[in-house]
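Asker: Let me begin by handing over the structure; questions about it come next.
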Amino acid sequence: MVSYSGSMRIELPEIGPDDRTPLVEALLDLVRQLADRVSELEEAIQKLRDEIAVLQGQKPRPKISPSILTTPPENREAADSKPRKRGKPSRPKTAELTIHHETPLHLADLPEGSRLRCYEAYVVQDLIIQNDNTKYLRARYDLPEGGSVLAPFPAGVLPVEGGHFGANLVAYILDQYHQAHVTEPVLLEQLWEYGIDISSGQLHRLLTEDKELFHQEKDELLAAGLAESSYIGTDDTGARHQGKNGYCTAIGNELFAYFESTHSKSRVNFLQVLQGVQRDYAINDMAVDYWKQQKLASALIGQLSEGPQEFVGEAAWQARLAALAITNERHVRIATEGALLGGLIARGVSKELAVLSDGAPQFVVFVHAACWVHAERPLAKLVPHHEDHRVAIENIRSQIWELYKDLKAYQEKPDETQRPLLESRFDALVETRTGYPSINGPLKEMRDHKADLLRVLERPEVPLHNNAEESDIREFVKRRKISGGTRSDAGRRCRDTFASLKKTCRKLGIRFWDYLQDRVRGFNHIPRLGDLICQKAQEATAKKADAVSA
C-alpha cells in the first residue's frame, strides 16, 4: 500500500515491479509533487491565518510540543544521560566588582574583655535612581577693558551638545531607548515618575537631534571593518519607515556590526550600503570583469571604458550614463553594479573579501560563501507523507550534518589532504536521487552552489553558517515588534547608528553604558571604535603569525 498523507490522505494499492511502467512511475512522481505542494500551501495558509489572528487581537494557533511520554524509552535514557551544561569555573561572585563604599559594622553592646578578631566582607550590590538637580551660580566678572566673562561649567556636567539636561540623564535616556528597547511614551512616564521635568518634544529631540558625532563614528566602523577584515557576514530584514515597507541590511563579523535602513534590498542597494555615506563609481578591471560575467554587451563595455573612469556621487554617475545614452533598465543596473564594485576596489577594499550570506542573490558579490544552515533548512521544513518519505529525509539530513561536522573539523585544523575527500563526499551527496522531488530539489540547489558551500576549504577563516549576523539583526526584529517602524528620517538614522555602536561595543568588550557616558560628556577616554577594530585585527593577525611560526 502506497500512501501520501498530510491533511489530505491518498492511499494507493501496492504496485508490483512488473506494473511500474514509465507512465505509472511518472504518475506516482506527479502525485508526490502535488502532495508536496499541498503541504507547502497548507503551511503558508496556516501562517497567514496566524498573522490575521494577531492583527485582529486574537491568539494564533498554539505550538504544542510532543509529549515526552511518547518518546521511546531508549531515547529518554539517552537524553537523561547527557551531561548537563555547567557555567563558568567557580569564583567569588563579587571579585570583579568596583567597591564604591566600605563601611565597617560593630556590635553596640559587647561583653567586657571582647576583642576584635577580623572583619568578614559581605558585598551588597545596589542601584541609585533618583533625580539630582544642581543650581550652578556662575560668576560673571566685568573686565577692566570692558565687557564681561562668565565662569564655565565643570568638565562633563553637560552633554557636548549643551542644554539643561545633564550628561548622565542624556546617557540614561539613550541607554534605555536603544539598549532596553523602552518606547518613548513609556520612557517619558518613567522620567516623570523619577521627578524629571521634561516634555515629549524635549525627549524626542534628545533621542534624535545633535547626534552627528555618533553618526560619524558609525561611519568609521564600516570603513575600518572592510579595511581590516578578510570576510564579512550579511543579512537583511524588513524595517518599515513612514508607513511603507523598507529593509535593514546588517554587515559585520566578530569585530564590528553595521546597520543601514533603506527602501530597497537590491544588489545596487547592498553595494551602496557597503560604500557608506560617500558614493564612488570607478571603471577598472573589477568593474569590467563583473560586466562580462553578467553578459553586458561588448559595445556597452567599450563605451563605458572610454573617457572618464572615476565618478564621485550618484549624480555624476547618472550624468555619465545619460551622456552615453544608456537608458535600458537592465543595462543601467548592471553598469551601476559594476561601477560600484569598482569604486570599492579603488577605495582599498580587497578583491578577495569573502561575503557570507544566506544565499540571497543581492549578496553574491566578491568571493561569496553560503550558509549551510540555510541550505539544509528546506529539508528540515518538510512534512513526510509516509514512513519511506520520512526515512529518506532523515537519511539525507544526517549525511549533510555528518559532512558539516567534518568540514568544521577541517576549519579548525586545515589539512590539504582532506580537501579532495570532502569534495568527493559533497558531490556524492548532492547527486543522490531519492525519488521524491521535495528532497531532490534542495540537493540540486546545493549542487548549484557547491563553490559557495565549500568556500571553507580555501578560506578556513570564513564561518560555515550565518548565525552571527542573524543574531545581530534580531535587534531590528525586536524593535519592529515593539514599535512597528520609524516615522522620521532622523529617527531611522539614529536607530541604525546606535544599534551599530551598541553591537560593536559588545564585540570589542566595551560596556555600552560606559561608552555613552564617555561620548556624551565629551571625555573621549575610550578610543574611537574604528581604531579599536584596527587594533584588535592587528593583534589577531600577530597572534596567528606567532602560532604558525611556533
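Within each chain, counting starts at residue 1; across the C-alpha cells, chains are named A, B, ... in the order shown, with ligands numbered 1 upward in that order.
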Excluding Val186 in chain A and residues on its chain fewer than 5 positions from it, collect all residues at most 12 Å away from it, counting only C-alpha atoms, and give them as a PDB file with all heavy atoms, in the first residue's frame.
Answerer:
```pdb
ATOM      1  N   ILE A 173      18.865  58.174  29.050  1.00  0.00           N
ATOM      2  CA  ILE A 173      17.776  58.158  28.068  1.00  0.00           C
ATOM      3  C   ILE A 173      18.190  57.359  26.834  1.00  0.00           C
ATOM      4  O   ILE A 173      17.430  56.516  26.328  1.00  0.00           O
ATOM      5  CB  ILE A 173      17.385  59.602  27.692  1.00  0.00           C
ATOM      6  CG1 ILE A 173      16.655  60.268  28.863  1.00  0.00           C
ATOM      7  CG2 ILE A 173      16.519  59.627  26.438  1.00  0.00           C
ATOM      8  CD1 ILE A 173      16.405  61.752  28.674  1.00  0.00           C
ATOM      9  N   GLN A 176      18.358  53.564  27.775  1.00  0.00           N
ATOM     10  CA  GLN A 176      17.046  52.942  27.934  1.00  0.00           C
ATOM     11  C   GLN A 176      16.364  52.721  26.590  1.00  0.00           C
ATOM     12  O   GLN A 176      15.758  51.680  26.353  1.00  0.00           O
ATOM     13  CB  GLN A 176      16.160  53.818  28.832  1.00  0.00           C
ATOM     14  CG  GLN A 176      16.525  53.775  30.298  1.00  0.00           C
ATOM     15  CD  GLN A 176      16.161  52.442  30.915  1.00  0.00           C
ATOM     16  OE1 GLN A 176      14.997  52.135  31.133  1.00  0.00           O
ATOM     17  NE2 GLN A 176      17.178  51.638  31.201  1.00  0.00           N
ATOM     18  N   TYR A 177      16.485  53.691  25.703  1.00  0.00           N
ATOM     19  CA  TYR A 177      15.779  53.595  24.423  1.00  0.00           C
ATOM     20  C   TYR A 177      16.452  52.598  23.478  1.00  0.00           C
ATOM     21  O   TYR A 177      15.785  51.776  22.844  1.00  0.00           O
ATOM     22  CB  TYR A 177      15.721  54.967  23.761  1.00  0.00           C
ATOM     23  CG  TYR A 177      14.880  54.993  22.503  1.00  0.00           C
ATOM     24  CD1 TYR A 177      13.491  55.034  22.574  1.00  0.00           C
ATOM     25  CD2 TYR A 177      15.475  54.957  21.238  1.00  0.00           C
ATOM     26  CE1 TYR A 177      12.720  55.050  21.423  1.00  0.00           C
ATOM     27  CE2 TYR A 177      14.706  54.970  20.089  1.00  0.00           C
ATOM     28  CZ  TYR A 177      13.327  55.017  20.185  1.00  0.00           C
ATOM     29  OH  TYR A 177      12.573  55.022  19.044  1.00  0.00           O
ATOM     30  N   ALA A 180      17.567  48.960  26.162  1.00  0.00           N
ATOM     31  CA  ALA A 180      16.471  48.275  26.834  1.00  0.00           C
ATOM     32  C   ALA A 180      15.190  48.255  26.002  1.00  0.00           C
ATOM     33  O   ALA A 180      14.196  47.669  26.413  1.00  0.00           O
ATOM     34  CB  ALA A 180      16.190  48.931  28.193  1.00  0.00           C
ATOM     35  N   HIS A 181      15.202  48.939  24.834  1.00  0.00           N
ATOM     36  CA  HIS A 181      14.053  48.987  23.925  1.00  0.00           C
ATOM     37  C   HIS A 181      12.807  49.579  24.611  1.00  0.00           C
ATOM     38  O   HIS A 181      11.682  49.136  24.352  1.00  0.00           O
ATOM     39  CB  HIS A 181      13.719  47.595  23.372  1.00  0.00           C
ATOM     40  CG  HIS A 181      14.846  46.962  22.637  1.00  0.00           C
ATOM     41  ND1 HIS A 181      15.373  47.492  21.480  1.00  0.00           N
ATOM     42  CD2 HIS A 181      15.588  45.856  22.896  1.00  0.00           C
ATOM     43  CE1 HIS A 181      16.360  46.732  21.050  1.00  0.00           C
ATOM     44  NE2 HIS A 181      16.519  45.741  21.900  1.00  0.00           N
ATOM     45  N   LEU A 191      10.477  58.843  33.347  1.00  0.00           N
ATOM     46  CA  LEU A 191      11.207  60.038  33.773  1.00  0.00           C
ATOM     47  C   LEU A 191      10.332  60.928  34.662  1.00  0.00           C
ATOM     48  O   LEU A 191      10.831  61.520  35.632  1.00  0.00           O
ATOM     49  CB  LEU A 191      11.687  60.815  32.546  1.00  0.00           C
ATOM     50  CG  LEU A 191      12.739  60.099  31.690  1.00  0.00           C
ATOM     51  CD1 LEU A 191      13.031  60.902  30.434  1.00  0.00           C
ATOM     52  CD2 LEU A 191      14.026  59.861  32.468  1.00  0.00           C
ATOM     53  N   TRP A 192       9.062  61.013  34.337  1.00  0.00           N
ATOM     54  CA  TRP A 192       8.148  61.791  35.191  1.00  0.00           C
ATOM     55  C   TRP A 192       8.078  61.178  36.588  1.00  0.00           C
ATOM     56  O   TRP A 192       8.051  61.896  37.593  1.00  0.00           O
ATOM     57  CB  TRP A 192       6.764  61.840  34.570  1.00  0.00           C
ATOM     58  CG  TRP A 192       6.667  62.746  33.368  1.00  0.00           C
ATOM     59  CD1 TRP A 192       7.568  63.695  32.979  1.00  0.00           C
ATOM     60  CD2 TRP A 192       5.623  62.779  32.398  1.00  0.00           C
ATOM     61  NE1 TRP A 192       7.155  64.322  31.823  1.00  0.00           N
ATOM     62  CE2 TRP A 192       5.948  63.775  31.449  1.00  0.00           C
ATOM     63  CE3 TRP A 192       4.438  62.057  32.219  1.00  0.00           C
ATOM     64  CZ2 TRP A 192       5.136  64.081  30.366  1.00  0.00           C
ATOM     65  CZ3 TRP A 192       3.622  62.360  31.136  1.00  0.00           C
ATOM     66  CH2 TRP A 192       3.964  63.365  30.219  1.00  0.00           C
ATOM     67  N   GLU A 193       8.044  59.838  36.649  1.00  0.00           N
ATOM     68  CA  GLU A 193       7.997  59.161  37.942  1.00  0.00           C
ATOM     69  C   GLU A 193       9.249  59.469  38.761  1.00  0.00           C
ATOM     70  O   GLU A 193       9.197  59.522  39.996  1.00  0.00           O
ATOM     71  CB  GLU A 193       7.863  57.648  37.747  1.00  0.00           C
ATOM     72  CG  GLU A 193       6.492  57.188  37.286  1.00  0.00           C
ATOM     73  CD  GLU A 193       5.435  57.365  38.362  1.00  0.00           C
ATOM     74  OE1 GLU A 193       5.766  57.182  39.549  1.00  0.00           O
ATOM     75  OE2 GLU A 193       4.287  57.706  38.009  1.00  0.00           O
ATOM     76  N   SER A 200       7.446  65.626  25.963  1.00  0.00           N
ATOM     77  CA  SER A 200       7.645  64.602  24.926  1.00  0.00           C
ATOM     78  C   SER A 200       8.508  65.144  23.795  1.00  0.00           C
ATOM     79  O   SER A 200       9.333  64.422  23.225  1.00  0.00           O
ATOM     80  CB  SER A 200       6.287  64.141  24.377  1.00  0.00           C
ATOM     81  OG  SER A 200       5.570  65.236  23.836  1.00  0.00           O
ATOM     82  N   LEU A 203      12.130  65.141  24.943  1.00  0.00           N
ATOM     83  CA  LEU A 203      12.646  63.771  24.948  1.00  0.00           C
ATOM     84  C   LEU A 203      12.986  63.325  23.532  1.00  0.00           C
ATOM     85  O   LEU A 203      14.049  62.733  23.286  1.00  0.00           O
ATOM     86  CB  LEU A 203      11.623  62.834  25.580  1.00  0.00           C
ATOM     87  CG  LEU A 203      11.967  61.336  25.551  1.00  0.00           C
ATOM     88  CD1 LEU A 203      13.265  61.068  26.315  1.00  0.00           C
ATOM     89  CD2 LEU A 203      10.832  60.508  26.115  1.00  0.00           C
ATOM     90  N   ILE A 482       8.020  45.827  18.685  1.00  0.00           N
ATOM     91  CA  ILE A 482       7.643  46.755  19.749  1.00  0.00           C
ATOM     92  C   ILE A 482       7.041  48.037  19.188  1.00  0.00           C
ATOM     93  O   ILE A 482       5.973  48.486  19.621  1.00  0.00           O
ATOM     94  CB  ILE A 482       8.870  47.090  20.627  1.00  0.00           C
ATOM     95  CG1 ILE A 482       9.343  45.844  21.374  1.00  0.00           C
ATOM     96  CG2 ILE A 482       8.550  48.200  21.618  1.00  0.00           C
ATOM     97  CD1 ILE A 482      10.658  46.022  22.084  1.00  0.00           C
ATOM     98  N   SER A 483       7.716  48.633  18.203  1.00  0.00           N
ATOM     99  CA  SER A 483       7.330  49.964  17.731  1.00  0.00           C
ATOM    100  C   SER A 483       6.737  49.983  16.325  1.00  0.00           C
ATOM    101  O   SER A 483       6.219  51.019  15.908  1.00  0.00           O
ATOM    102  CB  SER A 483       8.557  50.894  17.767  1.00  0.00           C
ATOM    103  OG  SER A 483       9.095  50.960  19.062  1.00  0.00           O
TER     104      SER A 483
END
```
Asker: Skipping near chain neighbours, those fewer than 5 positions away, what residues fall within 8 Å of range 244-261 of chain A using only C-alpha atoms, listed as a ChimeraX atom specification?
Answerer: /A:218,221-222,225,231-239,270,273,468-469,472-473,476,492-493,496-497,499-501,503-504,507-508,533,536-537
Asker: Please run DSSP on the backbone and report, as an MDAnalysis selection string, all residues within range 152-343 of chain A that come out as strand (DSSP E).
Answerer: chainID A and resid 231:238 240:241 247:252 257:262 280:282 310:312
Asker: Report as an NGL selection string all protein, DNA and RNA residues lying within 12 Å of His100 in chain A, evaluated on only C-alpha atoms, omitting residues in the same chain fewer than 6 positions from it.
Answerer: :A and (123-127)
Asker: For the selection you just gave me, I'd like the residues written to a file as a tab-separated table (two decimals), in the first residue's frame, keeping N, CA, C and O atoms.
Answerer:
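File produced: part_38.tsv:
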```tsv
chain	number	residue	atom	x	y	z
A	123	VAL	N	29.48	41.77	50.42
A	123	VAL	CA	29.24	42.80	49.42
A	123	VAL	C	27.76	42.84	49.05
A	123	VAL	O	27.16	41.80	48.76
A	124	VAL	N	27.18	44.03	49.06
A	124	VAL	CA	25.79	44.25	48.67
A	124	VAL	C	25.78	45.14	47.44
A	124	VAL	O	26.31	46.25	47.46
A	125	GLN	N	25.20	44.61	46.34
A	125	GLN	CA	25.05	45.42	45.12
A	125	GLN	C	23.72	46.17	45.17
A	125	GLN	O	22.70	45.60	45.54
A	126	ASP	N	23.76	47.42	44.79
A	126	ASP	CA	22.54	48.23	44.80
A	126	ASP	C	22.61	49.21	43.64
A	126	ASP	O	23.64	49.35	42.97
A	127	LEU	N	21.52	49.89	43.41
A	127	LEU	CA	21.43	50.86	42.32
A	127	LEU	C	20.73	52.10	42.85
A	127	LEU	O	19.70	52.01	43.52
```
Asker: Which residues, written as a ChimeraX atom specification, have at least one atom at most 10 Å from range 395-398 of chain A, with only C-alpha atoms counted and residues fewer than 6 positions away on the same chain left out?
Answerer: /A:376-377,379-380,389,404,429-430,432,434,439-440,443
